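> model21.cif is reproduced in full below (mmCIF, C-alpha atoms).
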data_start
loop_
_atom_site.label_atom_id
_atom_site.label_comp_id
_atom_site.auth_asym_id
_atom_site.auth_seq_id
_atom_site.Cartn_x
_atom_site.Cartn_y
_atom_site.Cartn_z
CA MET R 1 -13.50 21.45 -21.35
CA GLN R 2 -12.24 17.87 -21.61
CA LYS R 3 -13.11 15.67 -18.64
CA ARG R 4 -10.30 14.83 -16.25
CA ILE R 5 -9.79 11.10 -15.93
CA VAL R 6 -7.03 11.05 -13.32
CA ASN R 7 -8.14 12.84 -10.14
CA ALA R 8 -7.73 11.38 -6.64
CA TRP R 9 -6.64 13.44 -3.64
CA ASN R 10 -7.46 11.26 -0.67
CA GLU R 11 -8.57 7.78 0.40
CA TRP R 12 -12.29 8.49 0.91
CA ASP R 13 -13.94 10.80 -1.66
CA GLU R 14 -16.70 9.26 -3.79
CA LEU R 15 -15.07 6.70 -6.05
CA GLU R 16 -15.56 6.90 -9.82
CA GLU R 17 -12.79 4.79 -11.40
CA ILE R 18 -10.44 2.17 -10.00
CA VAL R 19 -8.06 -0.61 -11.02
CA VAL R 20 -8.60 -4.04 -9.43
CA GLY R 21 -5.79 -6.60 -9.53
CA ILE R 22 -5.82 -10.10 -11.02
CA ALA R 23 -4.34 -13.34 -9.69
CA ASP R 24 -3.53 -14.95 -13.07
CA ASP R 25 -0.11 -16.59 -13.49
CA ALA R 26 0.93 -15.81 -9.92
CA TYR R 27 4.07 -17.31 -8.42
CA PHE R 28 5.20 -17.78 -4.85
CA GLU R 29 7.37 -14.90 -3.72
CA PRO R 30 11.03 -15.96 -3.74
CA THR R 31 13.49 -15.63 -0.89
CA GLU R 32 15.70 -12.59 -1.45
CA PRO R 33 17.56 -9.99 0.64
CA GLY R 34 14.44 -7.85 1.06
CA ASN R 35 12.08 -10.71 1.81
CA ARG R 36 12.21 -13.99 3.73
CA PRO R 37 8.83 -15.69 3.23
CA THR R 38 7.98 -18.37 5.76
CA LEU R 39 5.18 -20.85 6.36
CA ARG R 40 2.57 -19.67 8.85
CA ASP R 41 2.86 -22.80 11.02
CA LYS R 42 6.24 -22.57 12.77
CA ASN R 43 6.41 -26.30 13.43
CA ILE R 44 5.90 -27.12 9.76
CA ALA R 45 8.32 -24.35 8.79
CA GLU R 46 11.07 -26.16 10.70
CA ILE R 47 10.57 -29.18 8.46
CA LEU R 48 9.49 -27.82 5.09
CA PRO R 49 10.80 -24.84 3.10
CA PHE R 50 8.52 -22.15 1.74
CA PRO R 51 7.10 -23.28 -1.65
CA ARG R 52 8.66 -22.15 -4.91
CA GLY R 53 7.27 -21.77 -8.39
CA PHE R 54 3.76 -21.46 -9.79
CA LYS R 55 0.74 -21.20 -7.48
CA LYS R 56 -1.85 -23.95 -7.96
CA GLN R 57 -4.60 -23.18 -10.45
CA GLU R 58 -7.38 -23.85 -7.93
CA VAL R 59 -5.86 -21.30 -5.52
CA THR R 60 -5.62 -18.71 -8.28
CA GLU R 61 -9.21 -19.37 -9.36
CA LYS R 62 -10.54 -18.86 -5.82
CA ALA R 63 -8.66 -15.55 -5.52
CA ASN R 64 -9.91 -14.41 -8.93
CA GLU R 65 -13.47 -15.30 -7.94
CA GLU R 66 -13.22 -12.94 -4.97
CA LEU R 67 -11.51 -10.22 -7.01
CA ASN R 68 -14.30 -10.51 -9.58
CA GLY R 69 -16.82 -10.26 -6.74
CA LEU R 70 -15.23 -6.96 -5.73
CA VAL R 71 -15.53 -5.77 -9.34
CA THR R 72 -19.25 -6.63 -9.35
CA LEU R 73 -19.82 -4.76 -6.08
CA LEU R 74 -17.94 -1.68 -7.29
CA GLU R 75 -19.81 -1.63 -10.59
CA SER R 76 -23.11 -1.82 -8.69
CA HIS R 77 -22.07 1.53 -7.18
CA CYS R 78 -21.48 2.95 -10.68
CA VAL R 79 -17.68 2.74 -10.37
CA THR R 80 -15.71 2.15 -13.58
CA VAL R 81 -13.36 -0.79 -13.00
CA ARG R 82 -10.22 -1.49 -15.01
CA ARG R 83 -7.95 -4.54 -14.83
CA PRO R 84 -4.22 -5.00 -15.50
CA GLU R 85 -2.88 -7.11 -18.35
CA LYS R 86 -1.79 -10.68 -17.79
CA HIS R 87 1.94 -11.06 -17.25
CA ASN R 88 4.35 -13.99 -17.16
CA PHE R 89 5.63 -13.86 -13.59
CA GLY R 90 7.62 -17.05 -14.07
CA VAL R 91 10.33 -15.22 -15.97
CA SER R 92 13.45 -14.61 -13.90
CA VAL R 93 14.80 -11.09 -13.43
CA LYS R 94 18.47 -10.46 -14.13
CA THR R 95 20.33 -7.17 -14.15
CA PRO R 96 24.08 -6.44 -13.94
CA LEU R 97 23.73 -6.30 -10.15
CA PHE R 98 21.23 -9.00 -9.15
CA GLU R 99 19.24 -12.02 -10.26
CA VAL R 100 16.02 -13.51 -8.87
CA GLU R 101 14.38 -16.75 -9.96
CA ASN R 102 10.85 -15.47 -10.59
CA GLN R 103 8.50 -12.53 -10.10
CA TYR R 104 5.32 -12.43 -8.00
CA CYS R 105 1.79 -11.40 -9.11
CA ALA R 106 -0.50 -8.54 -10.18
CA VAL R 107 -2.98 -8.75 -7.31
CA CYS R 108 -1.79 -5.60 -5.51
CA PRO R 109 -1.57 -2.51 -7.76
CA ARG R 110 -1.67 -0.34 -4.62
CA ASP R 111 1.94 -1.32 -3.88
CA VAL R 112 3.28 -0.19 -7.25
CA LEU R 113 1.32 2.89 -8.32
CA ILE R 114 -0.35 5.82 -6.62
CA THR R 115 -2.46 8.75 -7.75
CA PHE R 116 -1.58 12.16 -6.30
CA GLY R 117 -4.27 14.48 -7.63
CA ASN R 118 -3.76 14.47 -11.40
CA GLU R 119 -0.43 12.62 -11.22
CA ILE R 120 0.24 8.91 -11.54
CA LEU R 121 3.51 7.96 -9.87
CA GLU R 122 5.32 4.63 -10.17
CA ALA R 123 7.11 3.63 -6.96
CA THR R 124 10.68 2.37 -6.87
CA MET R 125 9.66 -0.89 -5.15
CA SER R 126 11.89 -2.54 -2.58
CA ARG R 127 12.08 -6.19 -3.64
CA ARG R 128 13.87 -7.71 -6.59
CA SER R 129 10.97 -9.97 -7.57
CA ARG R 130 8.78 -6.85 -7.92
CA PHE R 131 11.24 -4.80 -9.99
CA PHE R 132 9.09 -5.03 -13.14
CA GLU R 133 5.69 -5.25 -11.49
CA TYR R 134 4.62 -2.00 -13.14
CA LEU R 135 4.48 -3.76 -16.53
CA PRO R 136 0.94 -5.22 -16.22
CA TYR R 137 -0.33 -1.65 -15.69
CA ARG R 138 1.76 0.13 -18.32
CA LYS R 139 -0.86 -0.13 -21.10
CA LEU R 140 -3.49 1.38 -18.78
CA VAL R 141 -1.19 4.22 -17.77
CA TYR R 142 -0.51 5.02 -21.43
CA GLU R 143 -4.25 5.06 -22.07
CA TYR R 144 -4.83 7.54 -19.26
CA TRP R 145 -1.90 9.65 -20.46
CA HIS R 146 -3.21 9.78 -24.05
CA ASN R 147 -6.82 10.49 -23.06
CA ASP R 148 -6.30 12.95 -20.21
CA PRO R 149 -4.25 16.00 -21.25
CA TYR R 150 -4.12 17.15 -17.62
CA MET R 151 -2.52 13.96 -16.35
CA ILE R 152 1.06 14.05 -15.10
CA TRP R 153 3.02 10.79 -15.26
CA ASN R 154 6.20 10.20 -13.29
CA SER R 155 8.33 7.26 -12.30
CA ALA R 156 10.64 7.33 -9.28
CA PRO R 157 14.30 6.39 -9.89
CA LYS R 158 14.82 2.64 -9.95
CA PRO R 159 17.17 1.44 -7.19
CA THR R 160 20.02 -0.91 -8.03
CA MET R 161 18.77 -3.63 -5.61
CA GLN R 162 22.36 -4.79 -5.30
CA ASP R 163 23.38 -6.65 -2.14
CA ALA R 164 24.62 -3.45 -0.47
CA MET R 165 21.08 -2.04 -0.60
CA TYR R 166 19.98 -4.58 2.01
CA ARG R 167 20.78 -5.35 5.62
CA GLU R 168 20.52 -9.13 5.61
CA GLU R 169 21.50 -9.50 9.28
CA PHE R 170 18.10 -7.93 10.06
CA TRP R 171 16.48 -11.31 9.46
CA GLU R 172 18.69 -12.93 12.08
CA TRP R 173 17.89 -10.47 14.88
CA PRO R 174 15.76 -12.12 17.61
CA LEU R 175 12.63 -10.25 18.67
CA GLU R 176 14.42 -9.03 21.80
CA GLU R 177 16.97 -7.29 19.57
CA ARG R 178 14.22 -5.80 17.42
CA PHE R 179 12.57 -4.35 20.54
CA LYS R 180 15.87 -2.76 21.54
CA ARG R 181 16.23 -1.21 18.10
CA MET R 182 12.57 -0.33 17.46
CA HIS R 183 13.12 3.42 17.80
CA ASP R 184 16.02 3.33 15.31
CA PHE R 185 13.62 2.43 12.48
CA GLU R 186 16.31 0.45 10.71
CA PHE R 187 15.03 -2.58 8.84
CA CYS R 188 16.11 -4.87 5.97
CA ILE R 189 16.82 -1.96 3.58
CA THR R 190 19.68 0.48 4.07
CA GLN R 191 19.60 4.26 3.72
CA ASP R 192 21.91 4.42 0.68
CA GLU R 193 19.33 4.54 -2.13
CA VAL R 194 15.85 5.98 -2.72
CA ILE R 195 13.40 3.20 -1.84
CA PHE R 196 9.62 3.28 -1.37
CA ASP R 197 6.52 1.23 -2.08
CA ALA R 198 3.44 3.26 -2.97
CA ALA R 199 1.39 1.46 -0.31
CA ASP R 200 3.43 3.16 2.44
CA CYS R 201 1.77 6.46 1.43
CA SER R 202 -1.61 7.62 2.72
CA ARG R 203 -3.32 10.63 1.12
CA PHE R 204 -5.15 13.30 3.13
CA GLY R 205 -5.74 16.00 0.51
CA CYS R 206 -2.70 18.26 0.36
CA ASP R 207 -1.05 16.25 3.16
CA ILE R 208 0.67 12.93 2.47
CA PHE R 209 1.72 10.68 5.36
CA VAL R 210 4.47 8.16 4.56
CA GLN R 211 5.47 5.29 6.83
CA GLU R 212 9.15 4.48 7.28
CA SER R 213 9.29 0.70 7.01
CA MET R 214 10.90 -2.42 5.57
CA THR R 215 9.74 -1.21 2.15
CA THR R 216 10.29 2.57 2.45
CA ASN R 217 13.41 4.27 3.80
CA ARG R 218 14.26 7.83 4.77
CA LEU R 219 15.73 8.64 1.36
CA GLY R 220 12.50 7.46 -0.23
CA ILE R 221 10.51 9.83 1.94
CA LEU R 222 12.95 12.65 1.18
CA TRP R 223 12.56 11.99 -2.56
CA LEU R 224 8.78 12.19 -2.21
CA LYS R 225 9.12 15.49 -0.32
CA ARG R 226 11.34 17.00 -3.00
CA HIS R 227 9.07 15.70 -5.73
CA LEU R 228 5.68 16.64 -4.27
CA GLU R 229 6.21 19.67 -2.06
CA PRO R 230 7.16 22.13 -4.82
CA ARG R 231 3.67 21.40 -6.17
CA GLY R 232 2.02 22.33 -2.88
CA PHE R 233 1.73 19.03 -1.05
CA ARG R 234 3.04 18.56 2.48
CA VAL R 235 4.81 15.25 3.09
CA HIS R 236 5.10 13.86 6.63
CA ASP R 237 7.00 10.79 7.80
CA VAL R 238 5.19 8.66 10.37
CA HIS R 239 6.37 5.77 12.53
CA PHE R 240 4.81 2.92 14.48
CA PRO R 241 7.57 1.67 16.82
CA LEU R 242 5.75 -1.46 18.05
CA ASP R 243 5.43 -2.81 14.53
CA LEU R 244 8.71 -4.70 14.36
CA PHE R 245 8.28 -5.71 10.71
CA PRO R 246 6.37 -2.77 9.15
CA SER R 247 5.39 -3.03 5.51
CA HIS R 248 2.69 -0.74 4.06
CA ILE R 249 0.64 1.67 6.12
CA ASP R 250 -2.83 0.42 5.14
CA CYS R 251 -3.00 -2.26 7.85
CA THR R 252 -1.94 0.16 10.56
CA PHE R 253 -3.30 3.66 9.96
CA VAL R 254 -6.34 3.92 7.67
CA PRO R 255 -8.21 7.19 7.00
CA LEU R 256 -11.91 6.53 6.44
CA ALA R 257 -13.38 10.02 6.02
CA PRO R 258 -12.49 13.64 6.81
CA GLY R 259 -11.53 13.70 10.48
CA VAL R 260 -11.61 9.92 11.05
CA VAL R 261 -8.72 7.41 11.10
CA LEU R 262 -8.96 3.70 11.86
CA THR R 263 -5.94 2.85 14.04
CA ASN R 264 -4.21 -0.34 15.10
CA PRO R 265 -4.26 -0.87 18.90
CA GLU R 266 -1.08 -2.99 18.72
CA ARG R 267 0.79 -0.41 16.62
CA PRO R 268 0.20 3.09 18.04
CA ILE R 269 1.71 6.03 16.21
CA LYS R 270 5.02 7.33 17.59
CA GLU R 271 4.57 9.64 20.55
CA GLY R 272 4.34 13.24 19.32
CA GLU R 273 3.34 12.35 15.76
CA GLU R 274 -0.33 12.18 16.75
CA LYS R 275 -0.27 15.90 17.62
CA VAL R 276 -0.90 17.10 14.07
CA PHE R 277 -4.11 15.06 14.05
CA MET R 278 -5.29 16.06 17.51
CA ASP R 279 -4.57 19.74 16.85
CA ASN R 280 -6.83 19.55 13.78
CA ASP R 281 -9.69 17.68 15.49
CA TRP R 282 -9.17 14.26 13.92
CA GLN R 283 -10.66 11.26 15.70
CA PHE R 284 -8.77 7.98 16.10
CA ILE R 285 -10.98 4.86 16.13
CA GLU R 286 -9.25 1.72 17.39
CA ALA R 287 -9.83 -1.34 15.24
CA PRO R 288 -11.22 -4.35 17.13
CA SER R 289 -9.37 -7.67 17.34
CA PRO R 290 -9.44 -9.42 13.96
CA THR R 291 -11.37 -12.64 13.47
CA SER R 292 -8.20 -14.66 12.93
CA SER R 293 -5.06 -14.75 15.01
CA ASN R 294 -1.70 -14.54 13.25
CA GLU R 295 -1.43 -18.33 13.54
CA GLU R 296 -4.85 -18.80 11.92
CA MET R 297 -4.09 -16.76 8.81
CA PRO R 298 -3.74 -18.70 5.51
CA MET R 299 -0.62 -20.90 5.45
CA PHE R 300 1.23 -19.01 2.70
CA CYS R 301 0.03 -15.49 3.61
CA GLN R 302 2.92 -13.23 4.65
CA SER R 303 0.71 -10.51 6.15
CA SER R 304 -0.46 -10.29 9.74
CA LYS R 305 -3.99 -10.67 11.11
CA TRP R 306 -4.32 -6.90 10.71
CA LEU R 307 -5.24 -7.36 7.06
CA ALA R 308 -8.66 -7.05 8.67
CA MET R 309 -8.04 -3.25 8.66
CA ASN R 310 -7.31 -3.22 4.93
CA VAL R 311 -10.67 -1.75 3.95
CA LEU R 312 -11.66 0.25 0.87
CA SER R 313 -13.68 3.46 1.18
CA ILE R 314 -15.96 4.15 -1.78
CA SER R 315 -17.30 7.37 -0.26
CA PRO R 316 -16.99 9.22 3.06
CA LYS R 317 -19.82 7.04 4.42
CA LYS R 318 -19.41 3.73 2.56
CA VAL R 319 -16.71 1.17 3.36
CA ILE R 320 -16.04 -2.28 1.88
CA CYS R 321 -14.78 -4.80 4.46
CA GLU R 322 -13.81 -8.46 4.47
CA ALA R 323 -16.92 -10.55 5.14
CA GLN R 324 -15.75 -12.37 8.28
CA GLU R 325 -14.69 -9.27 10.22
CA HIS R 326 -18.00 -8.81 12.04
CA ARG R 327 -16.54 -6.86 14.96
CA LEU R 328 -15.11 -4.31 12.52
CA HIS R 329 -18.46 -4.11 10.70
CA ASP R 330 -20.20 -3.34 14.00
CA LEU R 331 -17.63 -0.69 14.95
CA LEU R 332 -17.93 1.11 11.63
CA ASP R 333 -21.73 0.91 11.73
CA LYS R 334 -21.64 2.45 15.20
CA HIS R 335 -19.66 5.39 13.79
CA GLY R 336 -22.14 6.02 10.99
CA PHE R 337 -20.53 4.11 8.11
CA GLU R 338 -22.46 1.93 5.70
CA VAL R 339 -20.57 -1.36 5.53
CA TYR R 340 -20.41 -3.65 2.50
CA PRO R 341 -19.02 -7.05 3.53
CA ILE R 342 -17.42 -9.17 0.81
CA PRO R 343 -15.50 -12.49 0.92
CA PHE R 344 -11.80 -11.85 0.33
CA ARG R 345 -9.76 -14.28 2.41
CA ASN R 346 -8.58 -16.31 -0.59
CA VAL R 347 -6.83 -13.15 -1.81
CA TYR R 348 -4.81 -12.93 1.42
CA GLU R 349 -2.23 -15.42 0.16
CA PHE R 350 -1.44 -13.07 -2.73
CA GLY R 351 -0.23 -10.25 -0.52
CA GLY R 352 -3.13 -8.12 0.61
CA SER R 353 -6.80 -7.37 1.01
CA LEU R 354 -9.30 -4.84 -0.37
CA HIS R 355 -7.18 -1.68 -0.27
CA CYS R 356 -4.04 -3.49 -1.44
CA ALA R 357 -5.85 -5.07 -4.38
CA THR R 358 -7.01 -1.74 -5.79
CA TRP R 359 -5.60 1.51 -7.16
CA ASP R 360 -8.00 4.43 -7.36
CA ILE R 361 -7.78 6.57 -10.49
CA ARG R 362 -10.60 9.04 -9.99
CA ARG R 363 -12.56 10.20 -6.98
CA ARG R 364 -15.10 13.01 -7.06
CA GLY R 365 -13.50 15.90 -5.21
CA THR R 366 -10.70 18.44 -5.18
CA CYS R 367 -7.63 19.07 -3.09
CA GLU R 368 -8.61 20.14 0.42
CA ASP R 369 -6.61 21.19 3.45
CA TYR R 370 -7.68 18.92 6.31
CA PHE R 371 -4.98 20.28 8.63
CA PRO R 372 -5.60 24.05 8.67
CA LYS R 373 -3.84 24.48 12.02
CA LEU R 374 -0.66 22.88 10.75
CA ASN R 375 2.43 25.08 10.92
CA TYR R 376 4.40 23.63 8.02
CA THR R 377 6.32 25.12 5.12
CA PRO R 378 6.79 22.70 2.21
CA LEU R 379 10.12 22.48 0.42
CA ALA R 380 10.31 25.11 -2.33
CA ALA R 381 6.62 25.88 -1.87
CA THR R 382 5.06 27.73 -4.79
CA THR R 383 3.14 30.95 -4.36
CA ASN R 384 0.08 29.27 -5.86
CA GLY R 385 0.07 26.44 -3.33
CA VAL R 386 -1.98 23.37 -4.18
CA SER R 387 -3.72 25.19 -7.02
CA CYS R 388 -0.63 24.57 -9.15
CA LEU R 389 -1.66 20.92 -9.27
CA ILE R 390 -4.83 21.69 -11.19
CA MET R 391 -3.15 23.56 -14.08
#
Mind turning the file's structure into structure tokens?

Amino acid sequence: MQKRIVNAWNEWDELEEIVVGIADDAYFEPTEPGNRPTLRDKNIAEILPFPRGFKKQEVTEKANEELNGLVTLLESHCVTVRRPEKHNFGVSVKTPLFEVENQYCAVCPRDVLITFGNEILEATMSRRSRFFEYLPYRKLVYEYWHNDPYMIWNSAPKPTMQDAMYREEFWEWPLEERFKRMHDFEFCITQDEVIFDAADCSRFGCDIFVQESMTTNRLGILWLKRHLEPRGFRVHDVHFPLDLFPSHIDCTFVPLAPGVVLTNPERPIKEGEEKVFMDNDWQFIEAPSPTSSNEEMPMFCQSSKWLAMNVLSISPKKVICEAQEHRLHDLLDKHGFEVYPIPFRNVYEFGGSLHCATWDIRRRGTCEDYFPKLNYTPLAATTNGVSCLIM
């Protein structure tokens, strides 16, 4: 029987093959309706605009050095590591409905692609500058598709990204207004088109938890339900009301192993949504305060200090963490995890940390039900349940 290449059901099974991003030819993210990048220092931001154009070579080289260090560590654990192709991100994107001056980078494959069992799915994406970000990975996906006859390959419908898809007044709301509206879960994208980034999804075997955010809307979650649930998955929307600018779940709610989730003390899950976890004996571990404050993060980084939570599990007991996050290392060690610290702060400017910068292709394991007490009937559920995914 031919070996399956594409096989990943959760975020923690023993890792066998993964894609690690590259920082080559990266550009600063442009201002657009779905994104308003700003300088970290507010005083400087009042004087100087956010940079445009090509990132400096020395910055790219430092990020690539850390990405290559991650590759070396993974390979020392017998993990096969693949890399995307280089891509010219300086080319503008123009469609009949929008135009943007440049693209971004290929550091974060986690945002664009996700593996659901034996399926590779391309996300819609939510920002114009990332419309074609799947291209650096397309050759790899074709290779997997040709070499693994069991692989399923799908791409979600591309949104128009026209002006009407965005709620630009969102950026003008003061924080007081955001607090008033936090339970509405309305952000910079409207509810008119299917929109989701892959990094808003977290995999727990046959259960998928999807965060509603600035990069994933309710129609996006509904599309994922209609797409995945007939194959036996159960798709749940989750919310974190105190995160006023949510983007990607992997700095807020991070499963580490069966029964264990690393949670963000500043962004608790919406009241009532924790019940499915408590009813099935899951343990929430609160992440400690990160080493850096939001103000101390790299000047051009658009993520919060909670990138500290953006860890990568290479087995149910082994976790890769950013080197400076000693309090997190101690917490994980206390809970029985073997921690592998690695420098990664130069990657922060490119949009993410260890989980963001990777896309797992194969983990050793099968689809398991980690929520046996869940009373849930998937849309158009098949009589074969999750077994239909194995073919």
> Compare R:Glu325, R:Glu29, R:Glu193, R:Asp13 by their minimum atom-to-atom distance to Thr216 of chain R, counting only C-alpha atoms, and give me the closest one.
R:Glu193
> Give me, as a VMD selection string, all polymer residues having an atom no more than 9 Å from Glu266 of chain R, counting only C-alpha atoms and skipping those fewer than 5 positions away in the same chain.
chain R and resid 242 to 243 252
> When you draw a straight line from atom CA of Asn375 of chain R to atom CA of Trp9 of chain R, how long is it in Å?
20.7 Å
> Need the shell around Ile208 of chain R: protein/DNA/RNA residues with any atom at most 12 Å away, counting all atoms listed in the file. Skip same-chain ones fewer than 4 positions apart. Format as a PyMOL selection string?
chain R and resi 9-11+114-117+198-204+221+224-225+228-229+232-238+249+255+367-371+378
> From the options R:Ile152, R:Ala123, R:Met161, R:Leu74, which residue's atoms come nearest to Lys94 of chain R, counting all atoms listed in the file?
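Using all atoms listed in the file, the shortest distance to Lys94 of chain R belongs to R:Met161.
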> Which value, in Å to one decimal, gives the distance between atom CA of Gln302 of chain R and atom CA of Ala45 of chain R?
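Distance reported for this atom pair: 13.0 Å.
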> Considering only C-alpha atoms, return as a PyMOL selection string whatever protein or nucleic-acid residues lie within 9 Å of Pro241 of chain R, sequence-local ones (same chain, fewer than 2 positions apart) excluded.
chain R and resi 179+182-185+239+243-244+246+267-270
> Set out as JSON lines a contact list for segment 170-262 of chain R and segment 309-312 of chain R with a cut-off of 8 Å, giving each residue of segment 170-262 of chain R that qualifies its closest atom pair and distance in Å to one decimal, counting only C-alpha atoms, ordered by chain and rising residue number.

{"residue": "R:Asp250", "atom": "CA", "partner": "R:Asn310", "partner_atom": "CA", "distance": 5.8}
{"residue": "R:Cys251", "atom": "CA", "partner": "R:Met309", "partner_atom": "CA", "distance": 5.2}
{"residue": "R:Thr252", "atom": "CA", "partner": "R:Met309", "partner_atom": "CA", "distance": 7.2}
{"residue": "R:Val254", "atom": "CA", "partner": "R:Met309", "partner_atom": "CA", "distance": 7.4}
{"residue": "R:Leu262", "atom": "CA", "partner": "R:Met309", "partner_atom": "CA", "distance": 7.7}
> Can you write just those residues out, C-alpha atoms, as a compact mmCIF listing (two decimals), keeping the file's coordinate frame?

# COMPACT_ATOMS: atom_id res chain seq x y z
CA ASP R 250 -2.83 0.42 5.14
CA CYS R 251 -3.00 -2.26 7.85
CA THR R 252 -1.94 0.16 10.56
CA VAL R 254 -6.34 3.92 7.67
CA LEU R 262 -8.96 3.70 11.86
> In Å, how far is it from atom CA of Val19 of chain R to atom CA of Gln57 of chain R?
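Straight-line distance from atom CA of Val19 of chain R to atom CA of Gln57 of chain R works out to 22.8 Å.
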> Selection in question (the file shown): the PyMOL selection byres ((chain R and resi 358-364) around 7). Which residues does it include, as a PyMOL selection string?
chain R and resi 5-8+13-21+108-110+114-115+354-357+365
